[in-house]
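J.: work-v6.txt is reproduced in full below (compact mmCIF, C-alpha atoms and all ligand atoms).
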```txt
# COMPACT_ATOMS: atom_id res chain seq x y z
CA MET A 138 -22.67 32.88 39.89
CA THR A 139 -19.52 31.02 40.82
CA GLU A 140 -15.89 31.42 39.84
CA ILE A 141 -13.99 28.12 39.64
CA ARG A 142 -10.26 28.24 40.36
CA LEU A 143 -7.72 25.47 40.01
CA GLU A 144 -4.30 26.10 41.54
CA HIS A 145 -1.42 23.77 40.64
CA ILE A 146 -3.68 20.72 40.48
CA PHE A 147 -2.13 17.29 40.03
CA LYS A 148 -3.90 13.96 39.66
CA ARG A 149 -1.96 10.78 40.31
CA TYR A 150 -3.96 7.57 40.01
CA ASP A 151 -3.29 4.65 42.36
CA ASN A 152 -1.07 2.97 39.75
CA GLY A 153 1.20 6.05 39.82
CA PHE A 154 0.02 7.45 36.47
CA GLU A 155 -0.04 11.23 36.42
CA ALA A 156 -3.13 12.19 34.38
CA VAL A 157 -3.13 15.94 35.22
CA LYS A 158 0.08 17.87 35.77
CA ASP A 159 0.22 21.25 37.49
CA LEU A 160 -3.02 22.65 36.08
CA SER A 161 -3.85 26.23 37.05
CA LEU A 162 -6.99 27.87 35.66
CA CYS A 163 -9.50 30.54 36.55
CA LEU A 164 -12.97 30.04 35.06
CA PRO A 165 -14.93 33.30 35.43
CA ALA A 166 -18.36 33.20 37.07
CA GLY A 167 -21.08 32.50 34.52
CA SER A 168 -18.63 31.65 31.73
CA PHE A 169 -18.73 28.67 29.38
CA THR A 170 -15.35 26.92 29.29
CA VAL A 171 -14.54 24.00 27.02
CA LEU A 172 -11.77 21.55 27.96
CA LEU A 173 -10.41 20.40 24.61
CA GLY A 174 -7.76 17.86 23.70
CA PRO A 175 -7.15 14.41 22.25
CA SER A 176 -8.22 11.19 23.93
CA GLY A 177 -6.34 10.59 27.18
CA CYS A 178 -5.18 14.19 27.71
CA GLY A 179 -6.88 14.46 31.11
CA LYS A 180 -10.14 16.30 30.29
CA THR A 181 -12.51 13.91 32.06
CA THR A 182 -10.16 13.55 35.02
CA THR A 183 -10.16 17.35 35.43
CA LEU A 184 -13.96 17.51 35.17
CA ARG A 185 -14.38 14.69 37.70
CA MET A 186 -12.09 16.47 40.16
CA ILE A 187 -14.27 19.59 39.85
CA ALA A 188 -17.33 17.38 40.45
CA GLY A 189 -15.74 15.66 43.45
CA LEU A 190 -15.91 12.24 41.76
CA GLU A 191 -12.09 12.00 41.79
CA THR A 192 -9.83 13.19 44.57
CA VAL A 193 -7.30 15.95 43.91
CA SER A 194 -3.78 14.54 44.54
CA SER A 195 -2.25 17.96 45.19
CA GLY A 196 -3.11 21.59 44.57
CA ASN A 197 -6.23 23.55 45.43
CA LEU A 198 -9.71 23.73 43.96
CA TYR A 199 -11.89 26.73 44.81
CA PHE A 200 -15.51 27.66 44.10
CA ASP A 201 -15.38 31.42 44.67
CA ASN A 202 -13.11 31.60 47.71
CA GLU A 203 -14.24 28.34 49.25
CA ARG A 204 -11.72 25.49 49.08
CA MET A 205 -13.58 22.48 47.67
CA ASN A 206 -10.91 19.73 47.66
CA ASP A 207 -12.61 17.76 50.39
CA ALA A 208 -16.26 18.70 49.81
CA PRO A 209 -18.39 15.66 48.90
CA PRO A 210 -20.06 15.84 45.44
CA LYS A 211 -23.53 16.41 46.89
CA ASP A 212 -22.34 19.58 48.64
CA ARG A 213 -20.86 21.14 45.50
CA ASP A 214 -24.18 22.18 43.91
CA ILE A 215 -23.37 20.77 40.49
CA GLY A 216 -25.57 19.68 37.58
CA MET A 217 -23.80 17.08 35.46
CA VAL A 218 -24.62 15.74 31.98
CA PHE A 219 -22.84 12.68 30.60
CA GLN A 220 -22.38 11.15 27.17
CA ASN A 221 -24.56 8.14 28.02
CA TYR A 222 -27.37 10.28 29.56
CA ALA A 223 -27.42 8.06 32.70
CA LEU A 224 -31.23 8.02 32.85
CA TYR A 225 -33.15 5.54 35.01
CA PRO A 226 -34.87 3.21 32.49
CA HIS A 227 -37.71 2.23 34.83
CA LEU A 228 -38.66 5.85 35.63
CA THR A 229 -40.77 8.17 33.48
CA VAL A 230 -39.37 11.38 32.03
CA PHE A 231 -41.10 13.27 34.86
CA GLU A 232 -39.53 11.09 37.55
CA ASN A 233 -36.10 11.20 35.93
CA ILE A 234 -36.20 15.00 35.96
CA ALA A 235 -37.66 15.04 39.47
CA PHE A 236 -35.00 12.68 40.85
CA PRO A 237 -32.54 15.27 42.24
CA LEU A 238 -35.43 17.19 43.84
CA ARG A 239 -36.80 14.06 45.54
CA LEU A 240 -33.31 13.42 46.97
CA ARG A 241 -33.53 16.89 48.50
CA LYS A 242 -37.05 16.26 49.76
CA ILE A 243 -38.56 19.23 47.92
CA ALA A 244 -42.28 19.69 48.67
CA LYS A 245 -44.70 18.14 46.15
CA LYS A 246 -46.16 21.38 44.74
CA GLU A 247 -42.80 23.06 44.25
CA LEU A 248 -41.35 19.85 42.80
CA GLU A 249 -44.14 19.61 40.22
CA GLU A 250 -43.74 23.26 39.22
CA ARG A 251 -39.99 22.97 38.85
CA VAL A 252 -40.14 19.75 36.80
CA GLN A 253 -42.80 21.27 34.50
CA SER A 254 -40.72 24.41 34.07
CA ALA A 255 -37.46 22.52 33.35
CA ALA A 256 -39.29 20.21 30.92
CA ALA A 257 -40.84 23.21 29.14
CA THR A 258 -37.41 24.85 28.84
CA VAL A 259 -36.10 21.86 26.86
CA GLU A 260 -39.45 21.39 25.05
CA LEU A 261 -40.31 18.05 26.63
CA GLY A 262 -43.53 19.11 28.37
CA HIS A 263 -45.61 16.71 26.22
CA LEU A 264 -43.45 13.65 26.90
CA LEU A 265 -43.42 13.54 30.69
CA ASP A 266 -45.20 10.17 30.92
CA ARG A 267 -42.84 8.30 28.63
CA LYS A 268 -40.00 6.00 29.65
CA PRO A 269 -36.48 6.65 28.27
CA LYS A 270 -36.67 3.72 25.81
CA GLN A 271 -39.66 5.41 24.14
CA LEU A 272 -37.55 8.50 23.32
CA SER A 273 -35.11 9.40 20.54
CA GLY A 274 -31.43 10.04 21.37
CA GLY A 275 -31.96 13.79 21.22
CA GLN A 276 -34.98 13.62 23.51
CA ARG A 277 -33.06 11.49 26.03
CA GLN A 278 -30.28 14.06 26.06
CA ARG A 279 -32.89 16.77 26.70
CA VAL A 280 -34.17 14.80 29.71
CA ALA A 281 -30.60 14.67 31.04
CA LEU A 282 -30.33 18.44 30.49
CA ALA A 283 -33.64 19.09 32.24
CA ARG A 284 -32.48 16.96 35.18
CA ALA A 285 -29.30 19.03 35.38
CA ILE A 286 -31.09 22.41 35.28
CA VAL A 287 -34.04 21.54 37.53
CA ARG A 288 -31.94 22.10 40.66
CA LYS A 289 -30.66 25.45 39.38
CA PRO A 290 -27.09 24.42 40.19
CA ARG A 291 -24.27 26.93 40.45
CA VAL A 292 -22.00 24.83 38.20
CA PHE A 293 -22.82 22.79 35.07
CA LEU A 294 -20.44 20.02 34.05
CA PHE A 295 -20.77 18.33 30.65
CA ASP A 296 -18.76 15.25 29.65
CA GLU A 297 -19.00 14.78 25.86
CA PRO A 298 -22.80 15.04 26.06
CA LEU A 299 -23.39 15.07 22.31
CA SER A 300 -21.13 12.23 21.11
CA ASN A 301 -24.02 9.78 20.68
CA LEU A 302 -26.10 12.07 18.48
CA ASP A 303 -26.08 12.41 14.70
CA ALA A 304 -24.43 15.46 13.11
CA GLN A 305 -27.59 17.50 12.61
CA LEU A 306 -28.91 16.93 16.11
CA ARG A 307 -25.48 17.67 17.56
CA GLN A 308 -25.49 21.07 15.93
CA GLN A 309 -28.99 21.79 17.24
CA MET A 310 -28.10 20.66 20.77
CA ARG A 311 -24.95 22.80 20.84
CA ALA A 312 -27.11 25.88 20.49
CA GLU A 313 -29.59 24.49 23.02
CA ILE A 314 -26.94 23.89 25.66
CA THR A 315 -25.38 27.34 25.37
CA ARG A 316 -28.87 28.92 25.45
CA LEU A 317 -29.75 27.00 28.64
CA GLN A 318 -26.44 27.84 30.27
CA ARG A 319 -26.99 31.56 29.66
CA LEU A 320 -30.57 31.27 30.91
CA VAL A 321 -29.58 29.52 34.15
CA GLY A 322 -26.39 31.58 34.58
CA ALA A 323 -24.40 28.65 35.99
CA THR A 324 -20.65 28.50 35.32
CA ALA A 325 -20.20 25.72 32.76
CA VAL A 326 -17.31 23.36 32.05
CA TYR A 327 -17.71 21.22 28.93
CA VAL A 328 -15.42 18.37 27.87
CA THR A 329 -14.96 17.46 24.23
CA HIS A 330 -12.31 16.26 21.79
CA ASP A 331 -14.25 17.88 18.93
CA GLN A 332 -12.62 21.19 18.07
CA SER A 333 -15.58 22.47 16.09
CA GLU A 334 -17.79 21.93 19.15
CA ALA A 335 -15.28 23.89 21.23
CA MET A 336 -15.03 26.71 18.69
CA THR A 337 -18.79 27.15 18.39
CA MET A 338 -19.74 26.88 22.08
CA ALA A 339 -16.95 28.25 24.23
CA ASP A 340 -16.35 31.64 25.77
CA ASN A 341 -12.92 30.22 26.59
CA ILE A 342 -11.15 27.10 25.37
CA VAL A 343 -8.63 25.27 27.55
CA ILE A 344 -6.37 23.00 25.51
CA LEU A 345 -4.78 20.03 27.25
CA HIS A 346 -2.20 17.59 25.97
CA GLU A 347 -0.72 14.68 27.94
CA GLY A 348 -2.11 16.11 31.17
CA LYS A 349 -0.56 19.53 30.66
CA LEU A 350 -2.16 22.89 29.92
CA GLN A 351 -1.20 24.13 26.45
CA GLN A 352 -3.22 27.33 26.02
CA VAL A 353 -6.28 29.16 27.33
CA GLY A 354 -8.10 31.73 25.23
CA THR A 355 -11.20 32.68 23.30
CA PRO A 356 -11.82 30.59 20.18
CA GLN A 357 -10.54 33.53 18.08
CA GLU A 358 -7.32 33.88 20.10
CA ILE A 359 -6.58 30.16 19.99
CA TYR A 360 -7.18 29.99 16.25
CA ALA A 361 -5.29 33.13 15.28
CA ASN A 362 -2.49 32.95 17.82
CA PRO A 363 -1.60 29.39 18.81
CA THR A 364 1.18 29.41 21.39
CA ASN A 365 2.69 26.15 20.24
CA ARG A 366 2.79 23.66 17.40
CA PHE A 367 0.40 21.24 19.10
CA VAL A 368 -2.37 23.84 19.44
CA ALA A 369 -1.83 25.09 15.87
CA GLY A 370 -2.25 21.56 14.54
CA PHE A 371 -5.14 20.55 16.79
CA VAL A 372 -7.45 23.50 16.08
CA GLY A 373 -8.70 24.14 12.55
CA SER A 374 -10.22 21.99 9.84
CA PRO A 375 -8.68 21.37 7.39
CA ALA A 376 -5.62 21.45 9.62
CA ILE A 377 -2.95 24.14 9.41
CA ASN A 378 -0.13 23.40 6.93
CA PHE A 379 3.29 22.67 8.43
CA PHE A 380 6.59 23.14 6.61
CA LYS A 381 9.63 21.70 8.37
CA GLY A 382 12.89 23.45 7.61
CA GLU A 383 15.25 26.16 8.71
CA VAL A 384 15.75 29.90 8.56
CA ARG A 385 19.01 31.05 6.95
CA GLU A 386 20.59 34.44 6.60
CA ASN A 387 22.87 35.31 3.72
CA SER A 388 24.26 38.85 3.28
CA GLY A 389 21.24 40.40 4.96
CA THR A 390 18.69 38.28 3.07
CA ILE A 391 16.62 35.98 5.21
CA THR A 392 15.13 32.84 3.71
CA PHE A 393 13.13 29.86 4.92
CA HIS A 394 14.25 26.52 3.44
CA GLU A 395 11.77 23.68 3.66
CA TYR A 396 13.67 20.40 3.98
CA GLY A 397 13.41 18.54 0.66
CA ALA A 398 12.33 21.59 -1.36
CA SER A 399 14.62 22.89 -4.09
CA ALA A 400 14.24 26.64 -3.47
CA GLY A 401 14.16 28.80 -0.35
CA ILE A 402 11.38 31.27 0.42
CA THR A 403 12.54 34.85 0.85
CA ILE A 404 11.25 36.51 3.97
CA PRO A 405 10.44 40.23 3.56
CA SER A 406 13.14 42.04 5.49
CA SER A 407 10.94 44.98 6.42
CA LEU A 408 8.78 42.76 8.60
CA PHE A 409 11.06 39.96 9.74
CA THR A 410 14.49 41.07 10.81
CA ALA A 411 17.23 38.68 11.82
CA GLN A 412 16.86 39.82 15.43
CA LYS A 413 13.21 38.82 15.54
CA LEU A 414 13.41 35.55 13.63
CA PRO A 415 16.41 33.51 14.72
CA THR A 416 18.20 31.43 12.12
CA GLY A 417 18.15 27.66 12.53
CA LYS A 418 15.70 24.77 12.58
CA CYS A 419 12.02 25.61 12.83
CA THR A 420 8.56 24.81 11.50
CA LEU A 421 6.54 27.28 9.45
CA ALA A 422 2.76 26.98 9.71
CA ILE A 423 0.15 28.59 7.45
CA ARG A 424 -3.63 28.19 7.61
CA PRO A 425 -5.29 26.88 4.41
CA GLU A 426 -7.34 30.09 3.94
CA HIS A 427 -4.23 32.29 4.11
CA LEU A 428 -2.63 30.92 0.94
CA PHE A 429 -3.43 32.74 -2.30
CA PHE A 430 -2.71 32.18 -5.98
CA THR A 431 -2.32 35.89 -6.70
CA GLU A 432 -0.34 38.66 -5.07
CA MET A 433 -2.23 41.35 -3.21
CA ARG A 434 -2.16 45.07 -3.23
CA ASN A 435 -2.15 47.02 0.01
CA SER A 436 -4.54 49.88 0.67
CA ALA A 437 -2.17 52.34 -1.03
CA GLY A 438 -2.38 50.25 -4.20
CA SER A 439 1.21 49.00 -4.22
CA MET A 440 2.07 45.32 -4.13
CA ALA A 441 2.15 43.92 -0.63
CA GLU A 442 5.33 42.33 0.64
CA MET A 443 4.53 38.65 0.68
CA LEU A 444 6.23 35.31 0.96
CA SER A 445 5.97 33.31 -2.23
CA PHE A 446 6.80 29.78 -3.35
CA SER A 447 5.88 27.43 -6.16
CA ALA A 448 4.03 24.12 -5.93
CA THR A 449 2.37 21.47 -8.09
CA VAL A 450 -1.39 20.89 -8.02
CA GLN A 451 -2.21 17.34 -6.90
CA ARG A 452 -5.99 17.32 -6.61
CA GLU A 453 -9.01 19.39 -5.81
CA GLU A 454 -12.19 18.92 -3.77
CA PHE A 455 -15.34 20.93 -4.43
CA LEU A 456 -17.47 21.28 -1.29
CA GLY A 457 -20.18 23.65 -2.51
CA HIS A 458 -19.29 26.70 -0.44
CA GLU A 459 -15.55 26.21 -0.82
CA ARG A 460 -12.89 24.50 -2.86
CA LEU A 461 -9.90 22.73 -1.35
CA VAL A 462 -6.81 22.58 -3.56
CA TYR A 463 -4.04 20.16 -2.57
CA VAL A 464 -0.51 20.97 -3.74
CA GLN A 465 3.04 19.76 -3.11
CA THR A 466 6.21 21.84 -3.03
CA ALA A 467 8.28 18.77 -3.99
CA PRO A 468 7.64 15.05 -4.46
CA ASN A 469 7.64 13.15 -1.13
CA LEU A 470 6.89 16.30 0.90
CA PRO A 471 3.60 16.56 2.81
CA THR A 472 0.61 17.81 0.84
CA ILE A 473 -0.43 21.42 1.46
CA VAL A 474 -4.10 22.38 1.42
CA ILE A 475 -5.43 25.73 0.21
CA ARG A 476 -8.97 26.81 0.97
CA LEU A 477 -10.77 28.97 -1.56
CA ALA A 478 -14.16 30.39 -0.69
CA VAL A 479 -16.57 29.95 -3.55
CA GLY A 480 -17.79 33.35 -4.63
CA GLY A 481 -14.74 35.00 -3.08
CA ASN A 482 -11.20 34.33 -4.21
CA VAL A 483 -12.18 31.16 -6.01
CA THR A 484 -11.09 30.35 -9.54
CA GLU A 485 -14.30 29.58 -11.42
CA THR A 486 -12.75 26.74 -13.35
CA GLY A 487 -10.89 24.04 -11.45
CA MET A 488 -7.10 23.93 -11.26
CA GLN A 489 -5.36 21.71 -13.75
CA ILE A 490 -3.89 18.67 -12.03
CA GLY A 491 -0.10 18.66 -12.40
CA SER A 492 0.14 22.38 -13.16
CA GLU A 493 2.76 24.58 -11.48
CA VAL A 494 1.36 27.43 -9.39
CA ASN A 495 2.82 30.29 -7.38
CA LEU A 496 1.49 30.63 -3.86
CA PHE A 497 1.53 33.79 -1.76
CA VAL A 498 1.06 34.45 1.95
CA LEU A 499 1.12 37.64 3.99
CA PRO A 500 3.94 37.71 6.55
CA HIS A 501 1.63 38.15 9.54
CA HIS A 502 -0.18 34.95 8.58
CA CYS A 503 3.01 32.90 9.04
CA CYS A 504 3.54 31.17 12.39
CA PHE A 505 7.05 29.93 13.18
CA PHE A 506 7.70 27.32 15.86
CA ASP A 507 11.09 26.42 17.29
CA GLU A 508 12.39 22.85 17.58
CA SER A 509 10.64 22.34 20.90
CA GLY A 510 7.32 23.37 19.28
CA LYS A 511 7.15 26.78 21.01
CA ARG A 512 5.94 29.75 19.00
CA ILE A 513 8.62 32.17 17.87
CA VAL A 514 7.01 35.58 18.12
CA ILE A 515 7.79 37.76 15.14
CA GLY A 516 6.34 40.66 13.12
CA GLU A 517 3.28 42.16 14.75
CA SER A 518 2.26 43.91 11.54
CA ARG A 519 -1.42 43.80 10.70
CA GLY A 520 -1.36 45.86 7.50
CA GLU A 521 -4.59 46.18 5.57
CA PHE A 522 -4.43 44.49 2.19
CA LEU A 523 -6.95 44.25 -0.59
CA THR A 524 -7.16 41.55 -3.19
CA GLU A 525 -6.52 42.61 -6.76
P1 LIG V 1 -11.17 10.64 26.51
O1 LIG V 1 -11.51 11.74 25.54
O2 LIG V 1 -10.67 9.40 25.83
O3 LIG V 1 -12.24 10.39 27.53
P2 LIG V 1 -9.69 12.21 28.47
O4 LIG V 1 -8.88 13.34 27.97
O5 LIG V 1 -11.00 12.53 29.08
O6 LIG V 1 -9.86 11.15 27.31
P3 LIG V 1 -9.03 10.96 30.97
O7 LIG V 1 -10.22 10.04 31.02
O8 LIG V 1 -9.03 12.13 31.86
O9 LIG V 1 -8.77 11.42 29.47
O10 LIG V 1 -7.73 10.09 31.24
C1 LIG V 1 -6.45 10.67 31.27
C2 LIG V 1 -5.42 9.58 31.42
O11 LIG V 1 -5.55 8.97 32.71
C3 LIG V 1 -5.54 8.46 30.40
O12 LIG V 1 -4.25 8.09 29.98
C4 LIG V 1 -6.21 7.34 31.17
O13 LIG V 1 -5.81 6.09 30.67
C5 LIG V 1 -5.68 7.55 32.58
N1 LIG V 1 -6.64 7.09 33.60
C6 LIG V 1 -7.95 7.41 33.70
N2 LIG V 1 -8.51 6.82 34.76
C7 LIG V 1 -7.52 6.09 35.37
C8 LIG V 1 -7.47 5.26 36.53
N3 LIG V 1 -8.53 5.06 37.29
N4 LIG V 1 -6.27 4.70 36.83
C9 LIG V 1 -5.18 4.92 36.07
N5 LIG V 1 -5.15 5.71 34.98
C10 LIG V 1 -6.32 6.29 34.62
```
I'd like the structure from this file rewritten - as structure tokens, please.
T.:
Amino acid sequence: MTEIRLEHIFKRYDNGFEAVKDLSLCLPAGSFTVLLGPSGCGKTTTLRMIAGLETVSSGNLYFDNERMNDAPPKDRDIGMVFQNYALYPHLTVFENIAFPLRLRKIAKKELEERVQSAAATVELGHLLDRKPKQLSGGQRQRVALARAIVRKPRVFLFDEPLSNLDAQLRQQMRAEITRLQRLVGATAVYVTHDQSEAMTMADNIVILHEGKLQQVGTPQEIYANPTNRFVAGFVGSPAINFFKGEVRENSGTITFHEYGASAGITIPSSLFTAQKLPTGKCTLAIRPEHLFFTEMRNSAGSMAEMLSFSATVQREEFLGHERLVYVQTAPNLPTIVIRLAVGGNVTETGMQIGSEVNLFVLPHHCCFFDESGKRIVIGESRGEFLTE
């Protein structure tokens, strides 16, 4: 198994455009890392530098302790799977899978055994005589996967391999790819702009924006503890709610004032002291599932210290397993979404459109970001609370 290390990597294209800026990462041997970010953030460029298909402008790329900057692609021992499958239309499934082995002049008997085994792994053993045009999209992608695993490479690289598939097949192939990666044991790097793909597949997610690293962490860490406003907004569906405003302090009472809202939100002083939460402009962010319509009791039975504010119900969406309620704290302010799990904290009857509601949130579920978008670290409390 191979550790991949990037040290202060930059990519400047010939036209002077800097697509990757000072990227340093360590991808543990055998891990599955997803490069996630919006279109143009530098994901594919990073992957192609690892593959040797793009030169590294400056910085160092290592596979284990071997510097790979100048190694040609064929010497990197990589299996790559692309969005468009890149199959040879005139070759059968067998020959497509066998292609990398023929390049390496593997003996006939071994070649046949390895192709059969790779095909069986992706359940294509019965289709070896077909041409790509006689296959479904999912089957074509399986051929591309078999071709990548047949060489038993030390590194797997995936560039949006599921984008051409329908939603159901995509979900099935996600599980297939992670199963194959664990089976082969190769270190995997997977590019996508789909955050749900990243959340479901990754051991670690690397978030890029405008060529710069934003955060690295497990899906849980990234979701629960975004280091900046960009990450908070990019990960999660429906997206996290943002409230632009400022923190004020008046005679020891700390409040958050959303710009355009009539009333401030009192911040419980026991958890957020003035020292920890600086006064001034900031953005408050709260995930849709962390907003409640009722106060909570803590484990001792007393009412939990919560932030509370009022809002007007705009509309509601019923999605079977959950209900999304959209509210506004004042006209012209962005809509806030609240997620209610059906069977959990859901109100059996729908909310009345136009009604005034009080919303509650636990302090440790509030993320504050400064004007530059950086997370302001406050209250570490993780008190245990029970719903009434
Ligand atoms: P997508 O999800 O759309 O594929 P990406 O995050 O993979 O996006 P890259 O393909 O890595 O993005 O491109 C990063 C930036 O580099 C983009 O702004 C792109 O326009 C630019 N770029 C890519 N290739 C070249 C090139 N050969 N010359 C100049 N600029 C390039």
J.: Neighbours of segment 463-467 of chain A within 12 Å (all atoms listed in the file; same-chain residues fewer than 6 positions away dropped), as a PyMOL selection string?
T.: chain A and resi 375+378-381+394-402+425+428+430+445-455+473-477+487-496
J.: For ligand LIG 1 (chain V), which of A:Glu508, A:Glu386, A:Glu232, A:Glu347 is the closest residue, counting only C-alpha atoms and all ligand atoms?
T.: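 Smallest distance to ligand LIG 1 (chain V) is found for A:Glu347.
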J.: Which residue out of A:Cys504, A:Met310, A:Leu238, A:Leu470 has the minimum interatomic distance to Thr364 of chain A when only C-alpha atoms are used?
T.: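 Using only C-alpha atoms, Thr364 of chain A sits closest to A:Cys504.
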J.: Figure out the distance between atom CA of Ser300 of chain A and atom CA of Gly262 of chain A, please, to one decimal in Å.
T.: 24.5 Å
J.: For the contact check between chain A and ligand LIG 1 (chain V), emit one row per residue of chain A within 6 Å, containing the shortest atom pair and the distance in Å rounded to one decimal, counting only C-alpha atoms and all ligand atoms, chain then rising number order, as CSV.
T.:
```
residue,atom,partner,partner_atom,distance
A:Tyr150,CA,V:LIG1,N4,4.9
A:Asn152,CA,V:LIG1,C9,5.9
A:Phe154,CA,V:LIG1,N5,5.7
A:Ala156,CA,V:LIG1,O11,4.4
A:Ser176,CA,V:LIG1,O2,3.6
A:Gly177,CA,V:LIG1,O9,3.4
A:Cys178,CA,V:LIG1,O4,3.8
A:Gly179,CA,V:LIG1,O8,3.3
A:Lys180,CA,V:LIG1,O4,4.0
A:Thr181,CA,V:LIG1,O5,3.6
A:Thr182,CA,V:LIG1,O8,3.6
A:His330,CA,V:LIG1,O1,5.9
```
J.: Near Tyr222 of chain A, within 7 Å and counting all atoms listed in the file, which residues show up once chain neighbours fewer than 6 positions away are dropped, as a ChimeraX atom specification?
T.: /A:277-278,281
J.: Write a file of the just-selected residues containing C-alpha atoms, as a short mmCIF file (atom, residue, chain, number, x, y, z; two decimals), keeping the file's coordinate frame.
T.:
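File written: part_11.cif
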```cif
data_model
loop_
_atom_site.label_atom_id
_atom_site.label_comp_id
_atom_site.auth_asym_id
_atom_site.auth_seq_id
_atom_site.Cartn_x
_atom_site.Cartn_y
_atom_site.Cartn_z
CA ARG A 277 -33.06 11.49 26.03
CA GLN A 278 -30.28 14.06 26.06
CA ALA A 281 -30.60 14.67 31.04
#
```
J.: Can you tell me which residues surround Phe147 of chain A at a distance of at most 8 Å, considering all atoms listed in the file, apart from same-chain residues fewer than 4 positions away, and format the answer as a ChimeraX atom specification?
T.: /A:155-160,193-196
J.: Taking into account only C-alpha atoms, which residue in the set A:Phe497, A:Phe169, A:Phe236, A:Phe506 is nearest to Ile314 of chain A?
T.: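 Using only C-alpha atoms, Ile314 of chain A sits closest to A:Phe169.
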J.: Between atom CA of His427 of chain A and atom CA of Gly370 of chain A, what is the distance, to one decimal in Å?
T.: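 Distance reported for this atom pair: 15.1 Å.
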J.: With distances taken over only C-alpha atoms, which residue among A:Ala361, A:Met443, A:Leu198, A:Ile187 lies nearest Leu143 of chain A?
T.: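 The closest residue to Leu143 of chain A is A:Leu198.
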J.: With all atoms listed in the file as the atoms that count, which of A:Leu444, A:Met338, A:Leu265, A:Leu282 lies nearest to Glu249 of chain A?
T.: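 Smallest separation from Glu249 of chain A among the options: A:Leu265.
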J.: Calculated over all atoms listed in the file, which of the candidates A:Gln271, A:Thr192, A:Thr329, A:Asn362 has the smallest distance to Val343 of chain A?
T.: A:Thr329
J.: Once you count all atoms listed in the file, which residues end up no further than 12 Å from (-26.6, 30.5, 29.7) in the file's frame, shown as a PDB file with C-alpha atoms, in the frame of the given file?
T.:
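Result file is result.pdb:
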```
ATOM      1  CA  MET A 138     -22.670  32.880  39.890  1.00  0.00           C
ATOM      2  CA  ALA A 166     -18.360  33.200  37.070  1.00  0.00           C
ATOM      3  CA  GLY A 167     -21.080  32.500  34.520  1.00  0.00           C
ATOM      4  CA  SER A 168     -18.630  31.650  31.730  1.00  0.00           C
ATOM      5  CA  PHE A 169     -18.730  28.670  29.380  1.00  0.00           C
ATOM      6  CA  THR A 170     -15.350  26.920  29.290  1.00  0.00           C
ATOM      7  CA  ILE A 286     -31.090  22.410  35.280  1.00  0.00           C
ATOM      8  CA  LYS A 289     -30.660  25.450  39.380  1.00  0.00           C
ATOM      9  CA  ARG A 291     -24.270  26.930  40.450  1.00  0.00           C
ATOM     10  CA  VAL A 292     -22.000  24.830  38.200  1.00  0.00           C
ATOM     11  CA  PHE A 293     -22.820  22.790  35.070  1.00  0.00           C
ATOM     12  CA  ARG A 311     -24.950  22.800  20.840  1.00  0.00           C
ATOM     13  CA  ALA A 312     -27.110  25.880  20.490  1.00  0.00           C
ATOM     14  CA  GLU A 313     -29.590  24.490  23.020  1.00  0.00           C
ATOM     15  CA  ILE A 314     -26.940  23.890  25.660  1.00  0.00           C
ATOM     16  CA  THR A 315     -25.380  27.340  25.370  1.00  0.00           C
ATOM     17  CA  ARG A 316     -28.870  28.920  25.450  1.00  0.00           C
ATOM     18  CA  LEU A 317     -29.750  27.000  28.640  1.00  0.00           C
ATOM     19  CA  GLN A 318     -26.440  27.840  30.270  1.00  0.00           C
ATOM     20  CA  ARG A 319     -26.990  31.560  29.660  1.00  0.00           C
ATOM     21  CA  LEU A 320     -30.570  31.270  30.910  1.00  0.00           C
ATOM     22  CA  VAL A 321     -29.580  29.520  34.150  1.00  0.00           C
ATOM     23  CA  GLY A 322     -26.390  31.580  34.580  1.00  0.00           C
ATOM     24  CA  ALA A 323     -24.400  28.650  35.990  1.00  0.00           C
ATOM     25  CA  THR A 324     -20.650  28.500  35.320  1.00  0.00           C
ATOM     26  CA  ALA A 325     -20.200  25.720  32.760  1.00  0.00           C
ATOM     27  CA  VAL A 326     -17.310  23.360  32.050  1.00  0.00           C
ATOM     28  CA  MET A 338     -19.740  26.880  22.080  1.00  0.00           C
ATOM     29  CA  ALA A 339     -16.950  28.250  24.230  1.00  0.00           C
ATOM     30  CA  ASP A 340     -16.350  31.640  25.770  1.00  0.00           C
TER      31      ASP A 340
END
```
J.: For a test of reading the model, state the distance in Å between atom CA of Ser254 of chain A and atom CA of Ala235 of chain A, rounded to one decimal.
T.: 11.2 Å
J.: Using all atoms of segment 229-239 of chain A that appear in the file, construct an axis-aligned enclosing box with 6 Å of padding on every side and provide its centre coordinates and edge lengths in Å, rounded to one decimal, as JSON.
T.:
```
{"center_x": -36.8, "center_y": 12.7, "center_z": 38.8, "size_x": 20.6, "size_y": 21.0, "size_z": 25.5}
```
